[in-house]
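Asker: Have a peek at entry-v7.txt (compact mmCIF, C-alpha atoms).
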# COMPACT_ATOMS: atom_id res chain seq x y z
CA MET A 132 52.98 55.30 10.77
CA THR A 133 55.86 57.75 10.25
CA ALA A 134 57.66 56.36 13.28
CA LEU A 135 57.17 52.80 12.04
CA THR A 136 58.51 53.74 8.60
CA GLU A 137 61.61 55.37 10.10
CA PHE A 138 62.17 52.39 12.40
CA CYS A 139 61.95 49.92 9.51
CA ALA A 140 64.25 52.09 7.37
CA ARG A 141 66.94 52.06 10.04
CA LEU A 142 66.80 48.27 10.41
CA GLY A 143 66.32 47.53 6.73
CA LEU A 144 62.82 46.06 7.17
CA ASP A 145 59.80 46.17 4.88
CA SER A 146 57.48 48.76 6.42
CA ILE A 147 54.40 47.42 4.61
CA ALA A 148 55.00 43.86 5.83
CA ALA A 149 55.66 45.12 9.35
CA ALA A 150 52.41 47.10 9.37
CA ALA A 151 50.50 44.04 8.13
CA ALA A 152 52.07 41.88 10.84
CA LEU A 153 51.10 44.36 13.53
CA ALA A 154 47.56 44.56 12.20
CA ALA A 155 47.27 40.77 12.17
CA GLY A 156 48.58 40.59 15.72
CA ALA A 157 46.01 43.09 16.87
CA ASP A 158 43.23 40.81 15.62
CA ASP A 159 44.52 37.67 17.34
CA ASP A 160 41.89 35.72 19.21
CA ALA A 161 41.90 35.62 22.98
CA PRO A 162 43.55 32.59 24.63
CA TRP A 163 41.40 29.50 25.01
CA TYR A 164 40.94 29.98 28.76
CA MET A 165 39.75 33.55 28.20
CA GLN A 166 37.43 32.26 25.49
CA ALA A 167 36.03 29.76 27.99
CA VAL A 168 35.50 32.40 30.69
CA LEU A 169 33.90 34.82 28.24
CA GLY A 170 31.73 32.07 26.80
CA ILE A 171 30.46 31.00 30.21
CA GLY A 172 29.79 34.63 31.12
CA ALA A 173 27.89 35.18 27.88
CA TRP A 174 25.69 32.13 28.39
CA VAL A 175 24.99 33.06 32.01
CA THR A 176 24.05 36.56 30.86
CA ALA A 177 21.73 35.15 28.21
CA ILE A 178 20.00 32.82 30.67
CA ALA A 179 19.56 35.63 33.20
CA ALA A 180 18.13 37.91 30.50
CA LEU A 181 15.67 35.22 29.38
CA LEU A 182 14.55 34.62 32.96
CA PHE A 183 13.97 38.35 33.32
CA VAL A 184 11.92 38.41 30.11
CA TRP A 185 9.88 35.43 31.31
CA ALA A 186 9.18 37.20 34.61
CA VAL A 187 8.02 40.31 32.74
CA LEU A 188 5.73 38.27 30.49
CA TYR A 189 4.31 36.35 33.43
CA PHE A 190 3.79 39.08 36.00
CA ILE A 191 3.02 42.05 33.76
CA PHE A 192 1.43 40.59 30.62
CA ASP A 193 -0.09 37.53 32.36
CA ILE A 194 1.40 35.05 29.85
CA ASP A 195 1.70 31.81 31.79
CA GLU A 196 2.58 29.52 28.87
CA PRO A 197 4.44 29.97 25.58
CA ASP A 198 2.39 31.23 22.63
CA VAL A 199 2.79 33.09 19.36
CA ILE A 200 4.01 36.20 21.21
CA VAL A 201 6.86 34.18 22.72
CA ALA A 202 7.65 32.75 19.28
CA GLY A 203 7.77 36.25 17.83
CA LEU A 204 10.02 37.37 20.65
CA GLY A 205 12.33 34.46 19.89
CA ALA A 206 12.46 35.43 16.21
CA VAL A 207 13.30 39.04 17.09
CA LEU A 208 15.96 37.87 19.53
CA PHE A 209 17.49 35.59 16.90
CA ALA A 210 17.53 38.35 14.27
CA ALA A 211 19.12 40.85 16.66
CA ALA A 212 21.77 38.33 17.73
CA LEU A 213 22.51 37.45 14.10
CA TRP A 214 22.91 41.14 13.23
CA LEU A 215 25.21 41.64 16.22
CA LEU A 216 27.29 38.66 15.16
CA GLN A 217 27.63 40.02 11.64
CA VAL A 218 28.58 43.54 12.78
CA ARG A 219 30.83 42.81 15.77
CA ALA A 220 32.09 39.27 15.42
CA GLU A 221 35.61 40.19 16.58
CA GLY A 222 34.69 40.58 20.26
CA ALA A 223 34.85 37.25 22.11
CA PHE A 224 32.17 38.15 24.66
CA THR A 225 29.97 39.73 21.99
CA ALA A 226 30.28 36.69 19.75
CA HIS A 227 29.47 34.23 22.54
CA GLY A 228 26.59 36.39 23.72
CA ALA A 229 25.17 36.59 20.21
CA ILE A 230 25.42 32.81 19.83
CA ALA A 231 23.70 32.24 23.17
CA PHE A 232 20.84 34.64 22.41
CA ALA A 233 20.41 33.29 18.88
CA THR A 234 20.19 29.72 20.17
CA ALA A 235 17.76 30.80 22.88
CA GLY A 236 15.67 32.63 20.28
CA THR A 237 15.45 29.46 18.20
CA ILE A 238 14.28 27.46 21.22
CA LEU A 239 11.73 30.11 22.19
CA ALA A 240 10.29 30.17 18.68
CA ALA A 241 10.02 26.37 18.59
CA ILE A 242 8.36 26.22 22.01
CA GLY A 243 5.98 29.08 21.25
CA ILE A 244 4.80 27.59 17.95
CA GLY A 245 4.74 24.03 19.27
CA VAL A 246 2.67 24.86 22.37
CA SER A 247 0.26 27.19 20.58
CA GLU A 248 -0.35 24.63 17.82
CA ASP A 249 -0.08 21.65 20.20
CA SER A 250 2.16 19.93 17.64
CA LEU A 251 5.79 18.91 17.71
CA TRP A 252 5.80 18.90 13.93
CA SER A 253 4.88 22.59 13.95
CA ALA A 254 7.75 23.23 16.36
CA ALA A 255 10.12 21.32 14.09
CA ALA A 256 8.95 23.30 11.05
CA ALA A 257 9.46 26.54 12.98
CA THR A 258 13.15 25.73 13.52
CA LEU A 259 13.91 25.26 9.82
CA PRO A 260 14.21 28.98 8.90
CA PHE A 261 16.51 29.50 11.88
CA ALA A 262 18.68 26.57 10.81
CA ALA A 263 18.86 27.94 7.27
CA ALA A 264 19.86 31.38 8.59
CA ALA A 265 22.49 29.82 10.86
CA VAL A 266 24.03 28.05 7.87
CA TRP A 267 23.86 31.19 5.76
CA GLN A 268 25.57 33.50 8.28
CA GLN A 269 29.03 31.84 7.96
CA ARG A 270 30.40 33.80 10.94
CA SER A 271 30.17 31.23 13.69
CA PRO A 272 30.43 27.45 13.19
CA LEU A 273 29.28 27.03 16.81
CA LEU A 274 26.02 28.86 16.09
CA GLN A 275 25.51 26.72 13.00
CA PHE A 276 26.07 23.54 15.01
CA LEU A 277 23.79 24.55 17.89
CA VAL A 278 20.84 25.77 15.82
CA VAL A 279 20.96 22.80 13.44
CA SER A 280 21.18 20.51 16.49
CA VAL A 281 18.08 22.17 17.98
CA ALA A 282 16.22 21.60 14.70
CA LEU A 283 17.30 17.96 14.62
CA VAL A 284 16.36 17.33 18.26
CA VAL A 285 12.87 18.77 17.78
CA SER A 286 12.44 16.80 14.55
CA VAL A 287 13.52 13.56 16.24
CA ALA A 288 11.14 14.25 19.13
CA ALA A 289 8.28 14.80 16.67
CA ALA A 290 9.12 11.56 14.84
CA TRP A 291 9.39 9.69 18.13
CA ASP A 292 5.99 10.98 19.23
CA GLU A 293 4.47 9.95 15.90
CA TRP A 294 6.07 6.59 15.13
CA GLY A 295 7.63 5.40 18.38
CA ARG A 296 9.94 2.44 17.91
CA VAL A 297 10.99 3.23 14.34
CA VAL A 298 12.70 6.45 15.41
CA THR A 299 16.14 4.83 15.16
CA ASP A 300 15.43 3.96 11.54
CA ILE A 301 14.38 7.55 10.79
CA THR A 302 17.42 9.14 12.38
CA ALA A 303 19.69 6.91 10.28
CA ILE A 304 18.83 9.07 7.27
CA ALA A 305 20.95 11.86 8.75
CA LEU A 306 24.17 9.80 8.57
CA PRO A 307 24.54 9.66 4.77
CA ALA A 308 23.56 13.34 4.57
CA GLY A 309 26.30 14.34 7.01
CA VAL A 310 28.88 12.15 5.30
CA ALA A 311 28.01 13.57 1.87
CA LEU A 312 28.34 17.16 3.12
CA LEU A 313 31.81 16.44 4.51
CA LEU A 314 33.09 14.49 1.52
CA TYR A 315 31.60 16.80 -1.11
CA PRO A 316 31.30 20.20 0.58
CA PRO A 317 29.30 22.95 -1.14
CA ARG A 318 30.51 26.51 -1.53
CA ARG A 319 29.30 27.56 1.89
CA ASP A 320 30.95 26.08 4.94
CA VAL A 321 28.50 23.50 6.32
CA ARG A 322 30.92 21.38 8.33
CA ALA A 323 29.26 22.31 11.63
CA ALA A 324 25.83 21.34 10.27
CA ALA A 325 27.28 18.08 8.94
CA LEU A 326 28.76 17.34 12.37
CA ALA A 327 25.33 17.91 13.92
CA LEU A 328 23.84 15.44 11.42
CA LEU A 329 26.42 12.87 12.53
CA VAL A 330 26.26 13.45 16.29
CA VAL A 331 22.60 14.17 17.11
CA PRO A 332 21.20 10.92 15.64
CA GLU A 333 23.74 8.94 17.66
CA LEU A 334 22.66 10.75 20.82
CA ALA A 335 19.01 10.10 19.92
CA THR A 336 19.77 6.41 19.58
CA ILE A 337 21.48 6.42 22.97
CA VAL A 338 18.47 8.14 24.58
CA ALA A 339 16.13 5.66 22.90
CA LEU A 340 18.19 2.78 24.24
CA ASP A 341 18.13 4.19 27.78
CA LEU A 342 14.36 4.83 27.74
CA ASP A 343 13.46 1.53 26.09
CA PRO A 344 16.13 -1.13 26.72
CA GLY A 345 16.46 -3.52 23.80
CA MET A 346 14.86 -1.05 21.41
CA THR A 347 17.92 -0.70 19.21
CA LEU A 348 19.61 -4.01 19.98
CA TRP A 349 17.38 -6.41 18.11
CA HIS A 350 15.32 -3.94 16.08
CA GLY A 351 16.24 -1.25 13.59
CA TRP A 352 17.43 -3.35 10.64
CA PRO A 353 16.61 -0.56 8.16
CA ALA A 354 18.88 1.73 10.18
CA ARG A 355 21.58 -0.94 10.29
CA ALA A 356 21.33 -1.38 6.52
CA ILE A 357 21.76 2.37 5.96
CA HIS A 358 24.77 2.49 8.29
CA LEU A 359 26.43 -0.47 6.61
CA ALA A 360 25.71 1.01 3.18
CA VAL A 361 27.50 4.21 4.22
CA PHE A 362 30.41 2.12 5.52
CA ALA A 363 30.56 0.21 2.22
CA ALA A 364 30.60 3.48 0.24
CA LEU A 365 33.41 4.90 2.37
CA PHE A 366 35.30 1.62 2.10
CA HIS A 367 35.00 1.66 -1.69
CA LEU A 368 36.26 5.25 -1.76
CA ASN A 369 39.43 4.26 0.10
CA TRP A 370 39.76 0.89 -1.61
CA ARG A 371 40.12 2.56 -5.02
CA ARG A 372 43.21 4.40 -3.78
CA LEU A 373 45.12 1.14 -3.27
CA VAL A 374 47.44 0.28 -6.13
CA THR A 375 48.59 -3.30 -5.49
CA THR A 376 46.42 -6.39 -5.81
CA ARG A 377 47.61 -7.76 -2.46
CA ALA A 378 46.64 -4.57 -0.63
CA ARG A 379 43.22 -4.58 -2.26
CA LEU A 380 42.59 -8.20 -1.32
CA LEU A 381 43.62 -7.57 2.30
CA ALA A 382 41.45 -4.47 2.51
CA LEU A 383 38.51 -6.33 0.99
CA ALA A 384 38.87 -9.14 3.52
CA GLY A 385 39.07 -6.63 6.36
CA GLY A 386 36.01 -4.76 5.09
CA VAL A 387 33.93 -7.94 4.84
CA LEU A 388 34.93 -8.99 8.38
CA ALA A 389 34.15 -5.50 9.72
CA ILE A 390 30.69 -5.50 8.10
CA ALA A 391 29.97 -8.99 9.42
CA SER A 392 31.03 -7.88 12.90
CA ALA A 393 28.84 -4.77 12.78
CA ALA A 394 25.88 -6.87 11.66
CA LEU A 395 26.12 -8.92 14.88
CA LEU A 396 26.35 -5.91 17.21
CA PRO A 397 23.70 -3.25 17.98
CA SER A 398 22.63 -1.02 15.11
CA GLY A 399 24.34 1.99 16.71
CA SER A 400 27.70 0.23 16.48
CA ALA A 401 27.38 0.16 12.70
CA ALA A 402 26.97 3.94 12.71
CA ALA A 403 30.02 4.26 14.97
CA LEU A 404 31.97 2.08 12.55
CA SER A 405 31.02 4.43 9.72
CA LEU A 406 32.19 7.40 11.81
CA LEU A 407 35.56 5.72 12.36
CA LEU A 408 36.02 5.06 8.66
CA LEU A 409 34.94 8.63 7.85
CA ALA A 410 37.51 9.89 10.38
CA TYR A 411 40.19 7.87 8.59
CA THR A 412 39.06 9.18 5.19
CA LEU A 413 39.13 12.83 6.29
CA GLY A 414 42.00 12.55 8.78
CA SER A 415 39.77 13.91 11.55
CA ARG A 416 40.81 13.17 15.14
CA MET A 417 37.53 14.56 16.49
CA LEU A 418 35.44 12.14 14.43
CA ALA A 419 37.78 9.31 15.44
CA VAL A 420 37.24 10.09 19.13
CA LEU A 421 33.46 10.37 18.67
CA GLY A 422 33.31 7.11 16.74
CA ALA A 423 35.46 5.26 19.29
CA LEU A 424 33.37 6.53 22.23
CA ALA A 425 30.14 5.58 20.47
CA GLU A 426 31.49 2.11 19.66
CA ILE A 427 32.52 1.55 23.28
CA TYR A 428 29.10 2.66 24.51
CA PHE A 429 27.09 0.41 22.19
CA ILE A 430 29.29 -2.62 22.84
CA TRP A 431 28.87 -2.04 26.57
CA GLU A 432 25.10 -1.76 26.20
CA PHE A 433 25.09 -4.93 24.15
CA TYR A 434 26.94 -6.76 26.90
CA ALA A 435 24.49 -5.44 29.52
CA ASP A 436 21.45 -6.45 27.47
CA LEU A 437 19.23 -9.02 29.18
CA GLN A 438 17.49 -10.34 26.06
CA SER A 439 20.16 -12.97 25.43
CA THR A 440 22.31 -15.21 27.58
CA LEU A 441 25.78 -14.29 28.71
CA LEU A 442 27.20 -17.23 26.76
CA THR A 443 25.62 -15.99 23.51
CA LYS A 444 26.94 -12.46 24.01
CA SER A 445 30.37 -13.76 24.94
CA ILE A 446 30.57 -15.89 21.80
CA ILE A 447 29.52 -12.95 19.61
CA LEU A 448 32.01 -10.57 21.22
CA MET A 449 34.82 -13.13 21.04
CA SER A 450 34.06 -13.78 17.37
CA VAL A 451 34.01 -10.08 16.55
CA GLY A 452 37.24 -9.50 18.49
CA ALA A 453 38.97 -12.41 16.78
CA ALA A 454 37.87 -11.16 13.34
CA LEU A 455 39.14 -7.64 14.01
CA LEU A 456 42.43 -8.93 15.41
CA LEU A 457 42.81 -11.07 12.31
CA CYS A 458 42.33 -7.96 10.15
CA TYR A 459 44.92 -6.10 12.18
CA GLY A 460 47.39 -8.98 11.92
CA LEU A 461 47.03 -9.19 8.14
CA PHE A 462 47.55 -5.45 7.68
CA ALA A 463 50.49 -5.38 10.10
CA LEU A 464 52.14 -8.29 8.26
CA ASP A 465 51.65 -6.57 4.92
CA GLN A 466 53.19 -3.33 6.23
CA ARG A 467 56.18 -5.25 7.65
CA ARG A 468 56.84 -6.89 4.31
CA LYS A 469 56.85 -3.49 2.62
CA VAL A 470 59.47 -2.18 5.04
CA GLU A 471 61.77 -5.19 4.88
CA PRO A 472 64.34 -5.10 2.03
What does this structure look like when you write it as structure tokens?
Answerer:
Amino acid sequence: MTALTEFCARLGLDSIAAAAALAAGADDDAPWYMQAVLGIGAWVTAIAALLFVWAVLYFIFDIDEPDVIVAGLGAVLFAAALWLLQVRAEGAFTAHGAIAFATAGTILAAIGIGVSEDSLWSAAAATLPFAAAAVWQQRSPLLQFLVVSVALVVSVAAAWDEWGRVVTDITAIALPAGVALLLYPPRRDVRAAALALLVVPELATIVALDLDPGMTLWHGWPARAIHLAVFAALFHLNWRRLVTTRARLLALAGGVLAIASAALLPSGSAAALSLLLLAYTLGSRMLAVLGALAEIYFIWEFYADLQSTLLTKSIILMSVGAALLLCYGLFALDQRRKVEP
């Protein structure tokens, strides 16, 4: 420190600011490609370690299927990984390894409880404390996203096993919860958990559509109603920010046309429409990409559906396209008039 002080004195620099800058530079994260390599290495290490543990349980302790012992091992693994993440979160490999082992511990606990109790609901309940701990830790958004996603996947699987075709209606409940957490965030950072609430139900709907074609195309009106209600709430939030009567009327016309278009398309497209509007509200490119990809997928699945004729689907898609182009034309014309003197 004496050398740094003398150096700063000769050049007329602030020695305290220089020391702070050097300390901040020492804590810089590794480049993204190093993060990727370290992350892959950590996950491979975690998988290899779990395979070794499974071999020990199988060949030495004669445990051929998951049980309470495996669930307890998963809880211990999760707790140790969480402690490691809290103590040494600055190391990239250590952080990725802790995330991998914590996620694996959550899965082991869910499998152990679910198999021993022969109940998916028990497995879903077992993941809840892990999800709460992942939200509480605040060190790693990735861990929060992964553990909450595991809890959601197990819960959706339990609901699917119990109620079958209404699973798309059940998963729609997660959309308003995720939107509310992003628009009105609590004190703790729950953005990763909110993203899981937005993404996992969409993936569940896609899986349901692949396993049972037509399941979400002509069914799921409760889910569609929830999605459109979320879209209407987001639209109203942005509509209040407009100051001129003309802009409000144009936005209202565009919102009505968008809702009518979403009502004609698969229920998943209404959720994707809500994601796009949420992306606009928050200025999130990631949500915009996710919403656009989901919209493309559901429109494609609608076109490939065999429950209606090609003429019917073509008329619906042409009507929706014409309505959206009309909205775009009205907004573009209004923006041009604002620019012109």
Asker: Residues near A:Ala235, anyone? I mean within 9 Å using only C-alpha atoms, not counting same-chain ones fewer than 6 positions away, as a list in words.
Answerer: Ala177, Ile178, Leu181, Gly205, Leu208 and Phe209 of chain A
Asker: Please measure the separation of atom CA of A:Leu407 and atom CA of A:Leu380, giving the value in Å to one decimal.
Answerer: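 Separating atom CA of A:Leu407 from atom CA of A:Leu380 is a distance of 20.7 Å.
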Asker: As an exercise, work out the distance from atom CA of A:Leu239 to atom CA of A:Asp300 in Å and give it to one decimal place.
Answerer: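 Value for the atom CA of A:Leu239-atom CA of A:Asp300 distance: 28.5 Å.
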Asker: At what distance in Å, to one decimal, does atom CA of A:Pro272 lie from atom CA of A:Arg416?
Answerer: 17.8 Å
Asker: Need to verify the contact set: A:Leu455, 8 Å, all atoms listed in the file, exclusion of same-chain residues closer than 6 positions in sequence. Can you return it as a ChimeraX atom specification?
Answerer: /A:385,388-389
Asker: Taking 3 positions as the minimum chain separation for residues in the same chain, which residues sit within 6 Å of A:Leu251 when counting only C-alpha atoms? Answer as a PDB file with C-alpha atoms, in the frame of the given file.
Answerer:
ATOM      1  CA  GLY A 245       4.740  24.030  19.270  1.00  0.00           C
ATOM      2  CA  ALA A 254       7.750  23.230  16.360  1.00  0.00           C
ATOM      3  CA  ALA A 289       8.280  14.800  16.670  1.00  0.00           C
TER       4      ALA A 289
END
Asker: May I have the residues within 12 Å of stretch 281-284 of chain A as a PDB file with C-alpha atoms, keeping the file's coordinate frame, using all atoms listed in the file and disregarding those fewer than 2 positions away in the same chain?
Answerer:
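The file below, result_16.pdb, is the result:
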ATOM      1  CA  ALA A 233      20.410  33.290  18.880  1.00  0.00           C
ATOM      2  CA  THR A 234      20.190  29.720  20.170  1.00  0.00           C
ATOM      3  CA  ALA A 235      17.760  30.800  22.880  1.00  0.00           C
ATOM      4  CA  GLY A 236      15.670  32.630  20.280  1.00  0.00           C
ATOM      5  CA  THR A 237      15.450  29.460  18.200  1.00  0.00           C
ATOM      6  CA  ILE A 238      14.280  27.460  21.220  1.00  0.00           C
ATOM      7  CA  LEU A 239      11.730  30.110  22.190  1.00  0.00           C
ATOM      8  CA  ALA A 240      10.290  30.170  18.680  1.00  0.00           C
ATOM      9  CA  ALA A 241      10.020  26.370  18.590  1.00  0.00           C
ATOM     10  CA  ILE A 242       8.360  26.220  22.010  1.00  0.00           C
ATOM     11  CA  LEU A 251       5.790  18.910  17.710  1.00  0.00           C
ATOM     12  CA  TRP A 252       5.800  18.900  13.930  1.00  0.00           C
ATOM     13  CA  SER A 253       4.880  22.590  13.950  1.00  0.00           C
ATOM     14  CA  ALA A 254       7.750  23.230  16.360  1.00  0.00           C
ATOM     15  CA  ALA A 255      10.120  21.320  14.090  1.00  0.00           C
ATOM     16  CA  ALA A 256       8.950  23.300  11.050  1.00  0.00           C
ATOM     17  CA  ALA A 257       9.460  26.540  12.980  1.00  0.00           C
ATOM     18  CA  THR A 258      13.150  25.730  13.520  1.00  0.00           C
ATOM     19  CA  LEU A 259      13.910  25.260   9.820  1.00  0.00           C
ATOM     20  CA  PRO A 260      14.210  28.980   8.900  1.00  0.00           C
ATOM     21  CA  PHE A 261      16.510  29.500  11.880  1.00  0.00           C
ATOM     22  CA  ALA A 262      18.680  26.570  10.810  1.00  0.00           C
ATOM     23  CA  ALA A 263      18.860  27.940   7.270  1.00  0.00           C
ATOM     24  CA  ALA A 265      22.490  29.820  10.860  1.00  0.00           C
ATOM     25  CA  LEU A 274      26.020  28.860  16.090  1.00  0.00           C
ATOM     26  CA  GLN A 275      25.510  26.720  13.000  1.00  0.00           C
ATOM     27  CA  PHE A 276      26.070  23.540  15.010  1.00  0.00           C
ATOM     28  CA  LEU A 277      23.790  24.550  17.890  1.00  0.00           C
ATOM     29  CA  VAL A 278      20.840  25.770  15.820  1.00  0.00           C
ATOM     30  CA  VAL A 279      20.960  22.800  13.440  1.00  0.00           C
ATOM     31  CA  SER A 286      12.440  16.800  14.550  1.00  0.00           C
ATOM     32  CA  VAL A 287      13.520  13.560  16.240  1.00  0.00           C
ATOM     33  CA  ALA A 288      11.140  14.250  19.130  1.00  0.00           C
ATOM     34  CA  ALA A 289       8.280  14.800  16.670  1.00  0.00           C
ATOM     35  CA  ALA A 290       9.120  11.560  14.840  1.00  0.00           C
ATOM     36  CA  TRP A 291       9.390   9.690  18.130  1.00  0.00           C
ATOM     37  CA  VAL A 298      12.700   6.450  15.410  1.00  0.00           C
ATOM     38  CA  ILE A 301      14.380   7.550  10.790  1.00  0.00           C
ATOM     39  CA  THR A 302      17.420   9.140  12.380  1.00  0.00           C
ATOM     40  CA  ILE A 304      18.830   9.070   7.270  1.00  0.00           C
ATOM     41  CA  ALA A 305      20.950  11.860   8.750  1.00  0.00           C
ATOM     42  CA  ALA A 324      25.830  21.340  10.270  1.00  0.00           C
ATOM     43  CA  ALA A 325      27.280  18.080   8.940  1.00  0.00           C
ATOM     44  CA  LEU A 326      28.760  17.340  12.370  1.00  0.00           C
ATOM     45  CA  ALA A 327      25.330  17.910  13.920  1.00  0.00           C
ATOM     46  CA  LEU A 328      23.840  15.440  11.420  1.00  0.00           C
ATOM     47  CA  LEU A 329      26.420  12.870  12.530  1.00  0.00           C
ATOM     48  CA  VAL A 330      26.260  13.450  16.290  1.00  0.00           C
ATOM     49  CA  VAL A 331      22.600  14.170  17.110  1.00  0.00           C
ATOM     50  CA  PRO A 332      21.200  10.920  15.640  1.00  0.00           C
ATOM     51  CA  GLU A 333      23.740   8.940  17.660  1.00  0.00           C
ATOM     52  CA  LEU A 334      22.660  10.750  20.820  1.00  0.00           C
ATOM     53  CA  ALA A 335      19.010  10.100  19.920  1.00  0.00           C
ATOM     54  CA  THR A 336      19.770   6.410  19.580  1.00  0.00           C
ATOM     55  CA  VAL A 338      18.470   8.140  24.580  1.00  0.00           C
TER      56      VAL A 338
END
Asker: Build an axis-aligned box that encloses every atom of stretch 225-229 of chain A listed in the file, pad it by 4 Å on each side, and report its centre and edge lengths in Å to one decimal, as JSON.
Answerer:
{"center_x": 27.7, "center_y": 37.0, "center_z": 21.7, "size_x": 13.1, "size_y": 13.5, "size_z": 12.0}
Asker: Taking only C-alpha atoms into account, produce a table as JSON lines in which each residue of stretch 177-272 of chain A with an atom at most 9 Å from an atom of stretch 317-322 of chain A appears once, together with its shortest atom pair and the distance in Å to one decimal, ordered by chain and rising number.
Answerer:
{"residue": "A:Val266", "atom": "CA", "partner": "A:Val321", "partner_atom": "CA", "distance": 6.6}
{"residue": "A:Trp267", "atom": "CA", "partner": "A:Arg319", "partner_atom": "CA", "distance": 7.6}
{"residue": "A:Gln269", "atom": "CA", "partner": "A:Asp320", "partner_atom": "CA", "distance": 6.8}
{"residue": "A:Pro272", "atom": "CA", "partner": "A:Arg322", "partner_atom": "CA", "distance": 7.8}
Asker: From the set A:Phe362, A:Trp294, A:Trp431, A:Trp352, which residue has the shortest atom-to-atom contact distance to A:Val310, counting only C-alpha atoms?
Answerer: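 Distance minimum relative to A:Val310 lands on A:Phe362.
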Asker: Tell me which of A:Ser271, A:Ser400, A:Ser250, A:Ser392 sits closest to A:Gly452, counting all atoms listed in the file.
Answerer: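 For A:Gly452, the nearest of the given residues is A:Ser392.
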Asker: Using all atoms listed in the file, find each residue in stretch 231-328 of chain A having at least one atom no more than 12 Å away from stretch 365-375 of chain A; report its shortest atom-to-atom pair and that distance in Å (one decimal), rows by chain then rising number, as CSV.
Answerer:
residue,atom,partner,partner_atom,distance
A:Pro307,CA,A:Leu365,CA,10.3
A:Val310,CA,A:Leu365,CA,9.0
A:Ala311,CA,A:Leu365,CA,10.2
A:Leu313,CA,A:Leu365,CA,11.8
A:Leu314,CA,A:Leu365,CA,9.6
Asker: Would you mind telling me which residue in A:Ala453, A:Ala356, A:Leu396, A:Leu312 lies nearest to A:Ile427 when using only C-alpha atoms?
Answerer: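 Looking at the shortest contact to A:Ile427, the residue is A:Leu396.
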